[in-house]
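Participant: This is the content of input.cif (mmCIF, C-alpha atoms and all ligand atoms):
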data_final
loop_
_atom_site.label_atom_id
_atom_site.label_comp_id
_atom_site.auth_asym_id
_atom_site.auth_seq_id
_atom_site.Cartn_x
_atom_site.Cartn_y
_atom_site.Cartn_z
CA MET A 769 68.07 39.51 116.96
CA ASN A 770 67.04 40.79 120.40
CA GLY A 771 70.29 42.82 120.41
CA LYS A 772 72.46 39.78 119.55
CA ASP A 773 74.48 39.45 116.41
CA VAL A 774 73.65 36.39 114.31
CA VAL A 775 75.93 34.96 111.68
CA ILE A 776 74.52 32.69 108.98
CA VAL A 777 77.09 30.55 107.29
CA LEU A 778 76.16 29.01 103.89
CA SER A 779 78.39 26.43 102.36
CA THR A 780 78.22 24.05 99.36
CA ALA A 781 80.47 21.46 97.75
CA LEU A 782 82.30 22.63 94.54
CA THR A 783 82.13 19.30 92.67
CA PRO A 784 78.87 19.97 90.60
CA LEU A 785 80.63 22.94 88.90
CA PHE A 786 82.77 20.49 87.01
CA ALA A 787 79.67 18.59 85.91
CA THR A 788 78.09 21.84 84.62
CA ARG A 789 81.24 22.68 82.69
CA GLU A 790 81.16 19.21 81.22
CA ILE A 791 77.51 19.64 80.17
CA LEU A 792 78.27 23.06 78.69
CA ASN A 793 81.23 21.64 76.75
CA VAL A 794 79.11 18.88 75.27
CA GLU A 795 76.30 21.31 74.39
CA THR A 796 78.75 23.71 72.76
CA MET A 797 80.06 20.84 70.66
CA TYR A 798 76.52 19.91 69.59
CA VAL A 799 75.72 23.51 68.76
CA CYS A 800 78.95 23.78 66.77
CA ALA A 801 78.20 20.57 64.91
CA VAL A 802 74.68 21.72 64.08
CA MET A 803 76.00 25.14 62.99
CA LEU A 804 78.57 23.41 60.80
CA VAL A 805 75.95 21.23 59.16
CA VAL A 806 73.61 24.23 58.71
CA SER A 807 76.38 26.37 57.18
CA ILE A 808 77.37 23.54 54.85
CA LEU A 809 73.74 23.17 53.79
CA LEU A 810 73.49 26.95 53.35
CA ALA A 811 76.67 27.00 51.26
CA VAL A 812 75.32 24.18 49.06
CA LEU A 813 72.01 26.01 48.70
CA ILE A 814 73.71 29.31 47.79
CA TYR A 815 75.93 27.45 45.33
CA ARG A 816 73.02 25.66 43.67
CA LYS A 817 70.59 28.56 43.63
CA ILE A 818 72.89 31.53 43.03
CA SER A 819 76.52 30.74 42.14
CA ARG A 820 75.94 27.88 39.72
CA PRO A 821 73.18 29.64 37.70
CA ILE A 822 75.37 32.76 37.48
CA MET A 823 78.37 30.66 36.39
CA ASN A 824 76.18 28.94 33.75
CA THR A 825 74.84 32.30 32.59
CA ASN A 826 78.39 33.55 32.28
CA LYS A 827 79.45 30.47 30.30
CA THR A 828 76.49 30.83 27.91
CA ALA A 829 77.13 34.59 27.59
CA MET A 830 80.74 33.87 26.63
CA SER A 831 79.59 31.44 23.96
CA LEU A 832 77.15 34.14 22.71
CA ALA A 833 80.00 36.66 22.61
CA GLY A 834 81.95 34.13 20.54
CA GLY A 835 79.28 34.33 17.80
CA ASN A 836 77.07 31.38 18.71
CA TYR A 837 73.66 33.06 18.53
CA ASP A 838 71.75 29.82 18.90
CA VAL A 839 72.20 29.66 22.67
CA LYS A 840 69.57 29.27 25.35
CA PHE A 841 70.15 30.62 28.85
CA GLU A 842 68.91 28.03 31.39
CA SER A 843 65.96 29.33 33.31
CA ASN A 844 66.68 28.12 36.87
CA GLY A 845 67.71 29.56 40.26
CA TYR A 846 65.97 32.46 41.96
CA ARG A 847 63.35 34.60 40.22
CA GLU A 848 65.77 37.49 39.54
CA ILE A 849 68.28 35.10 37.95
CA ARG A 850 65.53 33.40 35.93
CA GLU A 851 64.35 36.78 34.69
CA LEU A 852 67.90 37.76 33.73
CA ASN A 853 68.30 34.47 31.81
CA ASP A 854 64.98 34.90 30.02
CA THR A 855 65.96 38.44 28.97
CA LEU A 856 69.35 37.21 27.75
CA THR A 857 67.71 34.36 25.77
CA PHE A 858 65.41 36.92 24.13
CA ALA A 859 68.39 39.18 23.32
CA ALA A 860 70.25 36.20 21.81
CA SER A 861 67.27 35.28 19.60
CA GLU A 862 67.00 38.92 18.41
CA LEU A 863 70.74 38.88 17.61
CA ASN A 864 70.21 35.60 15.76
CA LYS A 865 67.46 37.16 13.62
CA THR A 866 69.59 40.19 12.76
CA GLU A 867 72.49 37.92 11.86
CA SER A 868 70.41 35.73 9.53
CA LEU A 869 68.92 38.88 7.97
CA ARG A 870 72.46 40.12 7.34
CA ARG A 871 73.42 36.79 5.74
CA ASP A 872 70.29 36.82 3.55
CA LEU A 873 71.04 40.37 2.53
CA MET A 874 74.54 39.42 1.38
CA ALA A 875 73.19 36.42 -0.56
CA ASN A 876 70.47 38.57 -2.16
CA ILE A 877 72.97 41.22 -3.15
CA SER A 878 75.20 38.76 -4.96
CA HIS A 879 72.22 37.10 -6.67
CA ASP A 880 70.67 40.33 -7.89
CA LEU A 881 73.85 42.06 -8.92
CA ARG A 882 75.23 39.15 -10.88
CA THR A 883 72.69 39.26 -13.74
CA PRO A 884 73.15 42.92 -14.79
CA LEU A 885 76.90 42.68 -14.28
CA THR A 886 77.11 39.65 -16.58
CA MET A 887 75.04 41.54 -19.13
CA ILE A 888 77.25 44.64 -18.99
CA ARG A 889 80.40 42.55 -19.35
CA GLY A 890 78.85 40.52 -22.20
CA TYR A 891 77.90 43.61 -24.19
CA ALA A 892 81.21 45.36 -23.52
CA GLU A 893 83.11 42.28 -24.77
CA LEU A 894 80.80 42.03 -27.79
CA MET A 895 81.51 45.65 -28.70
CA ARG A 896 85.23 45.18 -28.21
CA ASP A 897 85.49 41.97 -30.26
CA ILE A 898 83.00 42.52 -33.10
CA PRO A 899 83.52 45.90 -34.81
CA GLY A 900 79.98 46.00 -36.26
CA GLU A 901 78.46 45.70 -32.79
CA ASN A 902 80.09 48.90 -31.57
CA ASN A 903 76.87 50.88 -31.85
CA SER A 904 74.62 53.08 -29.76
CA ASP A 905 71.92 50.38 -29.35
CA ASN A 906 74.35 48.17 -27.49
CA LEU A 907 75.64 51.13 -25.50
CA GLN A 908 72.04 51.90 -24.54
CA ILE A 909 71.68 48.38 -23.18
CA ILE A 910 74.80 48.87 -21.06
CA ILE A 911 73.37 52.18 -19.79
CA ASP A 912 70.00 50.52 -19.06
CA GLU A 913 71.70 47.73 -17.17
CA THR A 914 73.74 50.25 -15.19
CA ASN A 915 70.48 51.99 -14.31
CA ARG A 916 69.03 48.67 -13.28
CA LEU A 917 72.08 48.08 -11.10
CA SER A 918 71.65 51.37 -9.33
CA ASN A 919 67.93 50.68 -8.90
CA LEU A 920 68.84 47.33 -7.43
CA VAL A 921 71.32 48.84 -5.04
CA THR A 922 68.64 51.16 -3.66
CA ASP A 923 66.27 48.21 -3.71
CA ILE A 924 68.54 45.82 -1.86
CA LEU A 925 67.66 47.23 1.52
CA ASP A 926 64.02 46.88 0.53
CA ILE A 927 64.57 43.18 -0.14
CA SER A 928 65.83 42.61 3.36
CA LYS A 929 62.80 44.52 4.61
CA LEU A 930 60.64 42.38 2.31
CA GLN A 931 61.88 39.29 4.05
CA SER A 932 61.54 40.73 7.50
CA GLY A 933 57.97 41.71 6.62
CA VAL A 934 58.29 45.51 6.75
CA MET A 935 58.47 46.17 3.00
CA LYS A 936 56.31 48.89 1.48
CA LEU A 937 55.26 48.76 -2.16
CA ASN A 938 55.53 51.80 -4.37
CA GLU A 939 52.41 51.14 -6.46
CA THR A 940 51.76 53.05 -9.69
CA GLU A 941 49.83 52.34 -12.86
CA PHE A 942 52.22 51.13 -15.56
CA SER A 943 52.23 48.97 -18.66
CA ILE A 944 53.24 45.40 -17.78
CA THR A 945 53.44 44.76 -21.55
CA ASP A 946 56.12 47.46 -21.95
CA THR A 947 57.94 46.24 -18.85
CA ILE A 948 58.16 42.71 -20.28
CA LYS A 949 59.25 44.05 -23.68
CA ALA A 950 62.01 46.11 -22.03
CA VAL A 951 63.29 43.10 -20.05
CA LEU A 952 63.13 40.85 -23.13
CA ASN A 953 64.92 43.40 -25.30
CA ARG A 954 67.80 43.57 -22.90
CA TYR A 955 68.19 39.82 -22.96
CA ARG A 956 67.31 39.16 -26.55
CA LYS A 957 70.33 40.42 -28.42
CA LEU A 958 72.90 38.76 -26.19
CA LYS A 959 70.95 35.53 -25.94
CA GLU A 960 70.05 35.32 -29.64
CA LEU A 961 73.76 35.26 -30.44
CA GLU A 962 73.97 32.21 -28.19
CA GLY A 963 71.13 30.62 -30.13
CA TYR A 964 68.18 31.38 -27.81
CA LYS A 965 64.80 32.13 -29.32
CA ILE A 966 62.71 34.30 -27.02
CA GLU A 967 59.13 34.97 -28.19
CA PHE A 968 56.62 37.39 -26.67
CA GLU A 969 52.96 36.79 -27.53
CA SER A 970 50.84 39.85 -26.78
CA ASP A 971 48.20 41.74 -28.74
CA LYS A 972 47.24 44.52 -26.29
CA ASN A 973 49.03 47.01 -24.11
CA VAL A 974 47.94 46.11 -20.58
CA TYR A 975 48.28 48.38 -17.56
CA ILE A 976 48.28 47.14 -13.98
CA LYS A 977 48.64 48.81 -10.58
CA ALA A 978 51.77 47.46 -8.90
CA ASP A 979 55.35 48.29 -7.99
CA ALA A 980 56.99 48.63 -11.42
CA ILE A 981 60.59 48.01 -10.34
CA LYS A 982 59.65 44.93 -8.36
CA MET A 983 57.46 43.50 -11.11
CA SER A 984 60.30 43.89 -13.61
CA GLN A 985 62.48 42.00 -11.12
CA VAL A 986 59.88 39.20 -11.10
CA VAL A 987 59.98 39.01 -14.91
CA TYR A 988 63.81 39.10 -14.85
CA ASN A 989 64.08 36.24 -12.35
CA LEU A 990 61.53 34.05 -14.17
CA LEU A 991 63.10 34.71 -17.55
CA ASN A 992 66.57 34.09 -16.18
CA ASN A 993 65.46 30.69 -14.88
CA ALA A 994 63.75 29.84 -18.18
CA ILE A 995 67.00 30.65 -20.03
CA ASN A 996 69.04 28.57 -17.57
CA TYR A 997 66.77 25.55 -17.58
CA THR A 998 65.23 25.42 -21.10
CA GLY A 999 65.83 22.48 -23.43
CA ASP A 1000 68.22 21.94 -26.33
CA ASP A 1001 66.01 23.94 -28.71
CA LYS A 1002 66.79 26.98 -26.49
CA LYS A 1003 63.22 28.21 -26.88
CA ILE A 1004 61.41 30.44 -24.40
CA THR A 1005 57.90 31.75 -24.88
CA VAL A 1006 56.45 34.61 -22.87
CA ARG A 1007 52.68 34.96 -23.13
CA GLN A 1008 50.31 37.73 -22.10
CA ILE A 1009 46.80 36.30 -21.76
CA ILE A 1010 43.80 38.52 -21.01
CA LYS A 1011 40.82 36.90 -19.33
CA ASP A 1012 37.93 38.89 -17.84
CA ARG A 1013 39.60 41.78 -16.01
CA LYS A 1014 42.78 39.88 -15.32
CA VAL A 1015 46.08 39.53 -17.15
CA ARG A 1016 48.08 36.34 -16.88
CA ILE A 1017 51.77 36.37 -17.74
CA GLU A 1018 53.26 32.99 -18.59
CA ILE A 1019 56.92 32.18 -19.10
CA GLU A 1020 57.39 28.83 -20.73
CA ASP A 1021 60.53 26.83 -21.34
CA THR A 1022 61.10 23.45 -22.99
CA GLY A 1023 63.48 22.05 -20.38
CA GLU A 1024 63.40 18.98 -18.20
CA GLY A 1025 60.60 20.33 -16.06
CA ILE A 1026 60.40 19.99 -12.32
CA ASP A 1027 59.76 16.80 -10.38
CA PRO A 1028 56.36 16.92 -8.58
CA LYS A 1029 58.13 16.18 -5.29
CA ASP A 1030 60.29 19.32 -5.71
CA ILE A 1031 57.56 21.67 -6.90
CA LYS A 1032 56.36 22.85 -3.51
CA PHE A 1033 59.90 23.54 -2.31
CA ILE A 1034 61.30 25.52 -5.26
CA TRP A 1035 59.83 28.78 -3.86
CA ASP A 1036 61.73 28.35 -0.62
CA ARG A 1037 64.85 30.32 0.06
CA TYR A 1038 68.11 28.54 -0.89
CA TYR A 1039 66.24 25.54 -2.38
CA LYS A 1040 68.00 24.11 -5.42
CA VAL A 1041 66.97 20.91 -7.14
CA ASP A 1042 69.95 18.64 -6.89
CA LYS A 1043 70.83 17.60 -10.43
CA THR A 1044 73.30 18.34 -13.15
CA HIS A 1045 72.05 20.90 -15.66
CA LYS A 1046 72.65 21.23 -19.34
CA ARG A 1047 74.21 24.62 -18.79
CA PRO A 1048 76.50 25.74 -16.01
CA VAL A 1049 73.86 27.28 -13.76
CA SER A 1050 75.30 29.24 -10.89
CA GLY A 1051 72.04 29.82 -9.05
CA THR A 1052 71.78 30.79 -5.43
CA GLY A 1053 68.31 29.33 -4.87
CA LEU A 1054 66.99 32.83 -4.11
CA GLY A 1055 65.43 33.91 -7.40
CA LEU A 1056 62.06 32.23 -6.92
CA SER A 1057 61.87 33.16 -3.25
CA ILE A 1058 62.23 36.84 -4.24
CA VAL A 1059 59.53 36.30 -6.91
CA LYS A 1060 57.24 34.70 -4.33
CA ASN A 1061 57.78 37.48 -1.76
CA ILE A 1062 57.04 40.21 -4.27
CA LEU A 1063 53.95 38.52 -5.76
CA GLU A 1064 52.51 37.66 -2.35
CA LEU A 1065 53.04 41.23 -1.19
CA HIS A 1066 50.97 42.38 -4.19
CA GLY A 1067 48.37 39.68 -3.53
CA PHE A 1068 48.83 38.30 -7.07
CA ASP A 1069 48.13 34.67 -7.96
CA TYR A 1070 51.19 32.76 -9.12
CA GLY A 1071 52.43 29.25 -9.66
CA VAL A 1072 54.08 26.76 -11.95
CA ILE A 1073 52.75 24.03 -14.17
CA SER A 1074 55.41 21.51 -14.97
CA ASP A 1075 55.63 17.98 -16.24
CA LYS A 1076 58.84 16.05 -16.00
CA GLY A 1077 60.40 16.09 -19.46
CA LYS A 1078 57.91 18.59 -20.88
CA GLY A 1079 59.24 21.91 -19.63
CA SER A 1080 57.74 24.37 -17.17
CA VAL A 1081 55.28 27.25 -17.32
CA PHE A 1082 55.74 29.81 -14.55
CA TYR A 1083 52.87 32.30 -14.31
CA PHE A 1084 51.44 35.18 -12.34
CA GLN A 1085 48.13 36.96 -12.62
CA ALA A 1086 47.15 40.58 -11.86
CA ASP A 1087 44.06 42.81 -12.10
CA ILE A 1088 43.98 44.95 -15.24
CA SER A 1089 43.59 48.68 -14.66
CA LYS A 1090 43.60 49.73 -18.34
CA ILE A 1091 43.96 48.17 -21.82
CA ASP A 1092 45.23 49.95 -24.95
CA ASN A 1093 45.45 48.58 -28.45
CA ILE A 1094 48.98 48.17 -29.67
P1 LIG B 1 68.36 29.39 -8.70
O1 LIG B 1 69.14 30.63 -8.42
O2 LIG B 1 69.02 28.13 -8.23
O3 LIG B 1 67.83 29.29 -10.09
P2 LIG B 1 65.62 29.76 -7.96
O4 LIG B 1 65.02 30.14 -6.64
O5 LIG B 1 65.42 30.69 -9.08
O6 LIG B 1 67.14 29.52 -7.69
O7 LIG B 1 65.07 28.34 -8.35
C1 LIG B 1 65.04 27.29 -7.41
C2 LIG B 1 65.15 25.95 -8.11
O8 LIG B 1 63.98 25.70 -8.89
C3 LIG B 1 66.29 25.90 -9.11
O9 LIG B 1 67.50 25.47 -8.50
C4 LIG B 1 65.82 24.90 -10.14
O10 LIG B 1 66.18 23.59 -9.76
C5 LIG B 1 64.30 25.01 -10.08
N1 LIG B 1 63.81 25.79 -11.24
C6 LIG B 1 63.52 27.10 -11.28
N2 LIG B 1 63.07 27.47 -12.50
C7 LIG B 1 63.07 26.36 -13.26
C8 LIG B 1 62.71 26.07 -14.63
N3 LIG B 1 62.25 27.04 -15.46
N4 LIG B 1 62.83 24.78 -15.05
C9 LIG B 1 63.27 23.82 -14.22
N5 LIG B 1 63.64 24.01 -12.96
C10 LIG B 1 63.53 25.27 -12.45
#
Will you turn the file into structure tokens for me?
Facilitator:
Amino acid sequence: MNGKDVVIVLSTALTPLFATREILNVETMYVCAVMLVVSILLAVLIYRKISRPIMNTNKTAMSLAGGNYDVKFESNGYREIRELNDTLTFAASELNKTESLRRDLMANISHDLRTPLTMIRGYAELMRDIPGENNSDNLQIIIDETNRLSNLVTDILDISKLQSGVMKLNETEFSITDTIKAVLNRYRKLKELEGYKIEFESDKNVYIKADAIKMSQVVYNLLNNAINYTGDDKKITVRQIIKDRKVRIEIEDTGEGIDPKDIKFIWDRYYKVDKTHKRPVSGTGLGLSIVKNILELHGFDYGVISDKGKGSVFYFQADISKIDNI
């Protein structure tokens, strides 16, 4: 300044620096503590919303893999996890359906195959043991039963479809009178030797439009039950009644009848009235459910009239498409 050098000297005490460091230390500790709490909270949140649902899903999936199809995947956590669980629950219920269909199929197979197999064995033994019975009529019955078996085998898949609701009927016009006669004939000889009296009351040859194989299965199942459950007189009466343009087929036995409290359940799958029978009846509780499925698919009326102690009359009713005199 004005040609003179000027020196400015600035000076300050160093003590406040320590105070600042102290403040910074304390703040860093607070920040650390807050970060620690936040990260703990975050870890808990991630555990609850992501890890735990995935662990639960995994546990349920392992139980599903072990064959427990009745599982439900818990729908919690984030949307993606919930969606995954919902999809897995749906897959499990589909697996469950397939599994119960498979079980039903096995039960149906054994039920439907047992009757013709018993018949074939019965006739074969009859022909072996009684020389006079070694004839072509009896052989024909064995051949017919074998045919029925092979029809059944092709039909067995249809039965599972029937129960899953995708069954198609192969409807043709055929004589229900002849169908009943054919079923009765197959039974008659074997059963008459055991003392059964099976009557068929019909005065016309009646044609209906329906699935012939399935209708003969209906007659088989109803007749089989009548034979199993009829009274000591071992009498069974099959009736063909024509009224207006309808034919009603009745299968009557003289057995113990069915308790009114059981009547509405007997058509259910696997339902068996719990009592001791006169004869060793090895039923599966499927016969009437197959009958019901087939008749409902045709749209035919059906039912049972039964009084305790007075036997039962099982019936179904169909539209007549043609009548011939016998
Ligand atoms: P099952 O193979 O046991 O005979 P069904 O489905 O054919 O199975 O019949 C179901 C139940 O209905 C039977 O267990 C039996 O108790 C009863 N039932 C069926 N038909 C008769 C009948 N004609 N008389 C008395 N009870 C019957």
Participant: Figure out the distance between CA of Ile910 (chain A) and CA of Arg896 (chain A), please, to one decimal in Å.
Facilitator: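 Taking CA of Arg896 (chain A) as the start and CA of Ile910 (chain A) as the end point, the length is 13.2 Å.
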Participant: Kindly provide, as JSON, the centre and edge lengths (Å, one decimal) of an axis-aligned box around all atoms of region 890-894 of chain A given in the file, with 6 Å on each side.
Facilitator:
{"center_x": 80.5, "center_y": 42.9, "center_z": -25.0, "size_x": 17.2, "size_y": 16.8, "size_z": 17.6}
Participant: Restricting the calculation to all atoms listed in the file, which member of A:Pro884, A:Gly1067, A:Pro821, A:Gly1025 is positioned closest to Asn853 (chain A)?
Facilitator: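 When distances to Asn853 (chain A) are compared using all atoms listed in the file, the smallest one comes from A:Pro821.
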Participant: I'd like the interatomic distance between CA of Glu1064 (chain A) and CA of Phe1033 (chain A), to a tenth of an Å.
Facilitator: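 Computing it gives 15.9 Å between the two atoms.
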Participant: Skipping near chain neighbours, those fewer than 3 positions away, what residues fall within 8 Å of Ala994 (chain A) using all atoms listed in the file, listed as a ChimeraX atom specification?
Facilitator: /A:990-991,997-998,1004,1019-1021
Participant: Can those selected residues be exported to a file as an mmCIF file, keeping the file's coordinate frame so that it contains C-alpha atoms?
Facilitator:
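Wrote it out as again-v3.cif, contents follow:
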data_model
loop_
_atom_site.group_PDB
_atom_site.id
_atom_site.type_symbol
_atom_site.label_atom_id
_atom_site.label_comp_id
_atom_site.auth_asym_id
_atom_site.auth_seq_id
_atom_site.Cartn_x
_atom_site.Cartn_y
_atom_site.Cartn_z
ATOM 1 C CA LEU A 990 61.530 34.050 -14.170
ATOM 2 C CA LEU A 991 63.100 34.710 -17.550
ATOM 3 C CA TYR A 997 66.770 25.550 -17.580
ATOM 4 C CA THR A 998 65.230 25.420 -21.100
ATOM 5 C CA ILE A 1004 61.410 30.440 -24.400
ATOM 6 C CA ILE A 1019 56.920 32.180 -19.100
ATOM 7 C CA GLU A 1020 57.390 28.830 -20.730
ATOM 8 C CA ASP A 1021 60.530 26.830 -21.340
#
Participant: Identify which of the residues A:Asn915, A:Thr1022, A:Gln985, A:Thr866 lies closest to Ile888 (chain A), counting all atoms listed in the file when measuring atom-to-atom distances.
Facilitator: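 Looking at the shortest contact to Ile888 (chain A), the residue is A:Asn915.
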Participant: In terms of the shortest atom-to-atom distance over all atoms listed in the file, which of A:Asn836, A:Thr788, A:Ser970, A:Thr883 is closest to ligand LIG 1 (chain B)?
Facilitator: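 Between A:Asn836, A:Thr788, A:Ser970, A:Thr883, the residue approaching ligand LIG 1 (chain B) most closely is A:Thr883.
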Participant: Give me, please, the distance in Å between atom O6 of ligand LIG 1 (chain B) and CA of Glu893 (chain A), quoted to one decimal.
Facilitator: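 Between these atoms lies a distance of 26.6 Å.
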Participant: Considering only C-alpha atoms and all ligand atoms, can you say which of A:Ser878, A:Asn906, A:Leu810, A:Met983 comes closest to ligand LIG 1 (chain B)?
Facilitator: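 So, comparing all the options, the nearest one is A:Ser878.
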Participant: Enumerate, as a list of chain:residue names, the protein, DNA and RNA residues whose atoms approach (44.6, 46.5, -11.0) to within 8 Å, taking into account only C-alpha atoms and the coordinate frame of the file.
Facilitator: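 Looking at atoms near the point gives A:Tyr975, A:Ile976, A:Lys977, A:Ala978, A:Ala1086, A:Asp1087, A:Ile1088, A:Ser1089.
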